[in-house]
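The structure file data-v9.cif is reproduced below (mmCIF, C-alpha atoms).
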data_query
loop_
_atom_site.label_atom_id
_atom_site.label_comp_id
_atom_site.auth_asym_id
_atom_site.auth_seq_id
_atom_site.Cartn_x
_atom_site.Cartn_y
_atom_site.Cartn_z
CA ASP K 1 4.37 7.01 -15.27
CA GLN K 2 1.69 6.91 -12.63
CA GLN K 3 -0.84 4.23 -13.49
CA VAL K 4 -3.13 4.93 -10.52
CA LYS K 5 -3.95 8.53 -9.78
CA GLN K 6 -5.66 10.16 -6.87
CA ASN K 7 -5.79 13.77 -7.90
CA SER K 8 -7.14 15.17 -4.66
CA PRO K 9 -4.48 15.16 -1.96
CA SER K 10 -7.05 16.11 0.66
CA LEU K 11 -10.76 16.28 1.32
CA SER K 12 -12.67 17.78 4.21
CA VAL K 13 -16.31 16.95 5.00
CA GLN K 14 -18.74 17.45 7.84
CA GLU K 15 -19.77 14.58 10.05
CA GLY K 16 -22.89 12.90 8.73
CA ARG K 17 -22.32 14.00 5.15
CA ILE K 18 -21.10 11.89 2.26
CA SER K 19 -17.38 11.59 1.48
CA ILE K 20 -16.45 10.81 -2.10
CA LEU K 21 -12.89 9.84 -2.86
CA ASN K 22 -11.87 9.48 -6.48
CA CYS K 23 -9.32 7.40 -8.31
CA ASP K 24 -8.35 7.16 -11.97
CA TYR K 25 -6.23 4.54 -13.66
CA THR K 26 -4.53 4.34 -17.03
CA ASN K 27 -3.73 0.63 -17.39
CA SER K 28 -6.71 -1.12 -19.00
CA MET K 29 -5.27 -4.47 -17.91
CA PHE K 30 -6.14 -3.75 -14.30
CA ASP K 31 -9.15 -5.82 -13.31
CA TYR K 32 -9.24 -5.69 -9.55
CA PHE K 33 -9.31 -2.59 -7.42
CA LEU K 34 -8.91 -2.04 -3.71
CA TRP K 35 -9.19 0.76 -1.21
CA TYR K 36 -6.95 0.90 1.82
CA LYS K 37 -7.22 3.18 4.82
CA LYS K 38 -4.19 4.37 6.74
CA TYR K 39 -3.97 6.04 10.13
CA PRO K 40 -0.75 7.81 11.16
CA ALA K 41 2.02 5.48 12.35
CA GLU K 42 0.06 2.44 11.24
CA GLY K 43 0.16 0.32 8.12
CA PRO K 44 -2.62 0.49 5.54
CA THR K 45 -5.63 -1.70 6.24
CA PHE K 46 -7.85 -3.18 3.59
CA LEU K 47 -11.24 -1.52 3.33
CA ILE K 48 -13.16 -2.69 0.29
CA SER K 49 -12.51 -4.03 -3.19
CA ILE K 50 -14.22 -4.46 -6.52
CA SER K 51 -13.68 -6.73 -9.48
CA SER K 52 -13.96 -5.38 -12.98
CA ILE K 53 -16.95 -7.62 -13.63
CA LYS K 54 -18.94 -5.45 -11.25
CA ASP K 55 -19.73 -1.78 -11.19
CA LYS K 56 -20.62 -1.48 -7.54
CA ASN K 57 -19.71 -3.11 -4.26
CA GLU K 58 -21.19 -2.13 -0.94
CA ASP K 59 -20.09 -2.89 2.61
CA GLY K 60 -21.95 -1.03 5.31
CA ARG K 61 -21.21 2.68 5.04
CA PHE K 62 -18.67 2.10 2.28
CA THR K 63 -19.50 1.71 -1.40
CA VAL K 64 -17.09 1.52 -4.29
CA PHE K 65 -18.20 2.35 -7.81
CA LEU K 66 -16.29 1.35 -10.92
CA ASN K 67 -16.66 2.97 -14.33
CA LYS K 68 -14.50 0.89 -16.64
CA SER K 69 -15.08 2.98 -19.73
CA ALA K 70 -13.85 6.05 -17.89
CA LYS K 71 -11.17 4.10 -16.01
CA HIS K 72 -12.47 5.67 -12.85
CA LEU K 73 -13.49 4.44 -9.46
CA SER K 74 -14.80 6.16 -6.41
CA LEU K 75 -15.27 5.37 -2.75
CA HIS K 76 -18.36 6.71 -1.06
CA ILE K 77 -18.61 6.87 2.70
CA VAL K 78 -22.01 7.70 4.09
CA PRO K 79 -22.58 8.92 6.68
CA SER K 80 -19.03 10.10 7.35
CA GLN K 81 -17.76 9.87 10.91
CA PRO K 82 -14.77 11.57 12.59
CA GLY K 83 -13.13 8.15 12.98
CA ASP K 84 -13.04 7.91 9.19
CA SER K 85 -10.38 10.62 9.15
CA ALA K 86 -7.36 8.94 7.58
CA VAL K 87 -5.41 8.66 4.33
CA TYR K 88 -7.21 6.55 1.74
CA PHE K 89 -5.23 4.74 -0.93
CA CYS K 90 -6.61 3.36 -4.14
CA ALA K 91 -4.79 0.30 -5.50
CA ALA K 92 -5.11 -1.87 -8.57
CA ARG K 93 -3.82 -5.17 -9.86
CA ARG K 94 -3.98 -7.39 -12.93
CA GLY K 95 -5.63 -10.78 -12.65
CA SER K 96 -4.04 -12.92 -9.99
CA ASN K 97 -0.85 -10.89 -10.13
CA TYR K 98 0.13 -10.08 -6.58
CA LYS K 99 1.62 -6.68 -7.36
CA LEU K 100 -0.52 -3.81 -6.22
CA THR K 101 -0.10 -0.42 -7.84
CA PHE K 102 -1.07 2.34 -5.45
CA GLY K 103 -2.16 5.93 -5.86
CA LYS K 104 -0.63 8.68 -3.75
CA GLY K 105 -3.52 8.75 -1.33
CA THR K 106 -6.15 11.27 -0.25
CA LEU K 107 -6.25 12.63 3.27
CA LEU K 108 -9.85 12.66 4.46
CA THR K 109 -10.77 14.85 7.40
CA VAL K 110 -14.24 14.48 8.86
CA ASN K 111 -15.10 17.42 11.06
CA PRO K 112 -17.44 16.94 14.03
CA GLY L 113 0.40 -9.99 18.59
CA ALA L 114 -1.20 -11.56 15.57
CA GLY L 115 -0.35 -8.84 13.07
CA VAL L 116 2.68 -8.06 10.93
CA SER L 117 5.45 -6.48 12.97
CA GLN L 118 8.39 -4.46 11.79
CA SER L 119 11.52 -3.23 13.48
CA PRO L 120 12.86 -0.74 14.11
CA SER L 121 9.95 1.68 13.92
CA ASN L 122 12.34 4.52 13.19
CA LYS L 123 15.88 4.51 11.88
CA VAL L 124 18.14 7.50 11.38
CA THR L 125 21.40 6.83 9.62
CA GLU L 126 24.19 8.69 7.91
CA LYS L 127 24.64 8.68 4.19
CA GLY L 128 26.85 5.81 3.11
CA LYS L 129 25.96 3.49 5.99
CA ASP L 130 24.18 0.16 5.59
CA VAL L 131 20.82 -0.49 7.25
CA GLU L 132 18.76 -3.60 7.91
CA LEU L 133 15.00 -3.53 8.32
CA ARG L 134 13.14 -6.50 9.73
CA CYS L 135 9.68 -7.87 9.10
CA ASP L 136 7.84 -10.58 11.01
CA PRO L 137 4.84 -11.69 8.96
CA ILE L 138 1.62 -13.19 10.25
CA SER L 139 2.18 -16.80 11.19
CA GLY L 140 1.05 -19.14 8.42
CA HIS L 141 1.16 -16.53 5.69
CA THR L 142 2.97 -17.79 2.65
CA ALA L 143 3.64 -14.52 0.87
CA LEU L 144 5.64 -11.51 2.02
CA TYR L 145 5.95 -8.15 0.32
CA TRP L 146 8.08 -5.06 0.80
CA TYR L 147 6.87 -1.62 -0.28
CA ARG L 148 8.17 1.85 0.34
CA GLN L 149 6.39 5.14 0.56
CA SER L 150 8.46 8.20 -0.17
CA LEU L 151 7.19 11.61 0.88
CA GLY L 152 4.11 12.57 -1.11
CA GLN L 153 4.09 9.34 -3.05
CA GLY L 154 2.03 6.19 -3.09
CA LEU L 155 3.28 2.83 -1.99
CA GLU L 156 5.91 1.48 -4.35
CA PHE L 157 6.35 -2.27 -4.72
CA LEU L 158 9.88 -3.47 -3.99
CA ILE L 159 10.01 -7.26 -3.66
CA TYR L 160 7.78 -10.29 -3.22
CA PHE L 161 8.40 -13.71 -1.66
CA GLN L 162 6.02 -16.62 -2.09
CA GLY L 163 6.80 -19.89 -0.39
CA ASN L 164 9.92 -21.49 -1.80
CA SER L 165 9.64 -19.82 -5.19
CA ALA L 166 12.27 -17.41 -6.44
CA PRO L 167 11.45 -13.91 -5.20
CA ASP L 168 10.23 -11.22 -7.55
CA LYS L 169 12.83 -8.49 -7.16
CA SER L 170 11.61 -6.39 -10.05
CA GLY L 171 10.72 -3.42 -7.87
CA LEU L 172 14.09 -2.97 -6.18
CA PRO L 173 15.36 0.46 -7.25
CA SER L 174 19.07 -0.39 -7.35
CA ASP L 175 21.56 -3.11 -6.54
CA ARG L 176 22.12 -1.44 -3.18
CA PHE L 177 18.81 -2.98 -2.12
CA SER L 178 18.47 -6.65 -1.26
CA ALA L 179 16.12 -8.78 0.79
CA GLU L 180 15.99 -12.26 2.12
CA ARG L 181 13.41 -14.37 3.83
CA THR L 182 14.69 -17.02 6.17
CA GLY L 183 12.78 -20.22 6.79
CA GLY L 184 9.78 -18.90 4.94
CA SER L 185 9.07 -16.47 7.75
CA VAL L 186 11.09 -13.45 8.89
CA SER L 187 12.41 -11.13 6.20
CA THR L 188 15.22 -8.60 6.23
CA LEU L 189 15.50 -5.73 3.76
CA THR L 190 19.07 -4.45 3.49
CA ILE L 191 20.06 -1.13 1.99
CA GLN L 192 23.77 -0.69 1.42
CA ARG L 193 25.55 2.65 1.17
CA THR L 194 22.36 4.56 1.94
CA GLN L 195 21.57 7.74 0.04
CA GLN L 196 19.30 10.61 1.03
CA GLU L 197 16.76 9.56 -1.60
CA ASP L 198 16.35 6.26 0.28
CA SER L 199 14.56 8.16 3.05
CA ALA L 200 11.03 6.77 3.15
CA VAL L 201 8.66 4.60 5.13
CA TYR L 202 9.35 0.95 4.36
CA LEU L 203 6.27 -1.21 4.70
CA CYS L 204 6.07 -4.96 4.88
CA ALA L 205 2.93 -6.97 4.16
CA SER L 206 2.04 -10.63 4.25
CA SER L 207 -0.76 -12.71 2.82
CA PHE L 208 -1.90 -16.28 2.54
CA LEU L 209 -1.10 -17.21 -1.05
CA GLU L 210 -2.23 -14.18 -3.08
CA GLY L 211 -5.03 -13.15 -0.78
CA GLU L 212 -5.55 -9.96 1.12
CA GLN L 213 -2.31 -8.25 2.09
CA PHE L 214 -1.94 -7.29 5.74
CA PHE L 215 0.51 -4.49 6.38
CA GLY L 216 2.85 -3.81 9.24
CA PRO L 217 3.25 -0.35 10.76
CA GLY L 218 6.37 0.39 8.73
CA THR L 219 9.91 1.56 9.43
CA ARG L 220 10.59 5.24 8.90
CA LEU L 221 14.10 5.56 7.50
CA THR L 222 15.85 8.92 7.51
CA VAL L 223 19.19 9.23 5.79
CA LEU L 224 21.08 12.35 6.83
#
Starting from the coordinates I provided, produce the structure as structure tokens.
Amino acid sequence: DQQVKQNSPSLSVQEGRISILNCDYTNSMFDYFLWYKKYPAEGPTFLISISSIKDKNEDGRFTVFLNKSAKHLSLHIVPSQPGDSAVYFCAARRGSNYKLTFGKGTLLTVNP
Amino acid sequence: GAGVSQSPSNKVTEKGKDVELRCDPISGHTALYWYRQSLGQGLEFLIYFQGNSAPDKSGLPSDRFSAERTGGSVSTLTIQRTQQEDSAVYLCASSFLEGEQFFGPGTRLTVL
């Protein structure tokens, strides 16, 4: 039973355009969501997060949107750069519980 | 370095052998986590250590898996009698209390 789903295994965009990565979750108890970025042969690195009391969080080129009623979140990267090419994981947790539940990841390729 | 380190980076073993994977967390971090990522899957929580508290072993897939954390620092994940389905990337992360988790580069385990 996959509680965090990233239905697009891959996404390709042109440099300078917007990248939108999507994530759906099924567990309504999740109240904190994170995005991690992973380059090959490296561990995931934290990118941005959002609490369920918000519907948007922005950090530079990265913005995460949360739609609680739809149990959906998305990561927007604008403008996309070739260095953004990586696997992006969506993760969720409940309250202060340390366990993160991850999606399968989406491979983003930004073409020059 | 100041990050989480893991060794070995790659491990190839024969079915039925035991393996030990090592994690050196960031100095001062109180919590340590083990995850694994099987091919085409998201990160799967295995075990969590926090200070001197009893570890949360709820994610360990079978009794062939065990982990210990010595002196509140270095951790070893042991897999006994390895099976082909144990092939995965094993990732370690550490955090201060239940803050942001910093991941190591992982150990790629291949069971032949």
(request) Define the interface residues of chain K facing chain L as those within 12 Å, counting all atoms listed in the file, and report them as a ChimeraX atom specification. (result) /K:2-7,9-10,33-49,87-93,95-107
(request) Rank K:Leu73, K:Phe30, K:Val110, K:Ile18 by their smallest atom-to-atom distance to K:Arg61, using only C-alpha atoms, and report the top residue only. (result) K:Ile18
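Coordinates place atom CA of K:Val64 at a distance of 19.0 Å from atom CA of K:Met29.
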(request) Enter the distance from atom CA of K:Glu15 to atom CA of K:Gly60, in Å, rounded to one decimal. (result)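 Atom-to-atom, atom CA of K:Glu15 and atom CA of K:Gly60 are spaced 16.5 Å apart.
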Residue contacts of L:Lys123 (9 Å, all atoms listed in the file) excluding same-chain residues fewer than 4 positions away, as a PDB file with C-alpha atoms, keeping the file's coordinate frame:
ATOM      1  CA  VAL L 131      20.820  -0.490   7.250  1.00  0.00           C
ATOM      2  CA  LEU L 133      15.000  -3.530   8.320  1.00  0.00           C
ATOM      3  CA  THR L 219       9.910   1.560   9.430  1.00  0.00           C
ATOM      4  CA  ARG L 220      10.590   5.240   8.900  1.00  0.00           C
ATOM      5  CA  LEU L 221      14.100   5.560   7.500  1.00  0.00           C
ATOM      6  CA  THR L 222      15.850   8.920   7.510  1.00  0.00           C
ATOM      7  CA  VAL L 223      19.190   9.230   5.790  1.00  0.00           C
TER       8      VAL L 223
END
(message) Report, in Å to a single decimal, how far apart atom CA of L:His141 and atom CA of K:Asp59 are.
(response) 25.4 Å
(request) Dump as a PyMOL selection string all residues having an atom at most 12 Å from (-18.5, 8.9, 2.4), computed in the file's coordinates with all atoms listed in the file. (result) chain K and resi 11-22+58-64+74-85+88+108-110
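With all atoms listed in the file as the basis for measurement, K:Asn111 is the residue among K:Cys23, K:Asn111, K:Asp55, K:Asp31 that approaches K:Ala86 most closely.
The residues returned by the PyMOL selection byres ((chain L and resi 175) around 12) for this structure are Leu158, Lys169, Ser170, Gly171, Leu172, Pro173, Ser174, Arg176, Phe177, Ser178, Ala179, Thr190, Ile191, Gln192, Arg193 and Thr194 of chain L.
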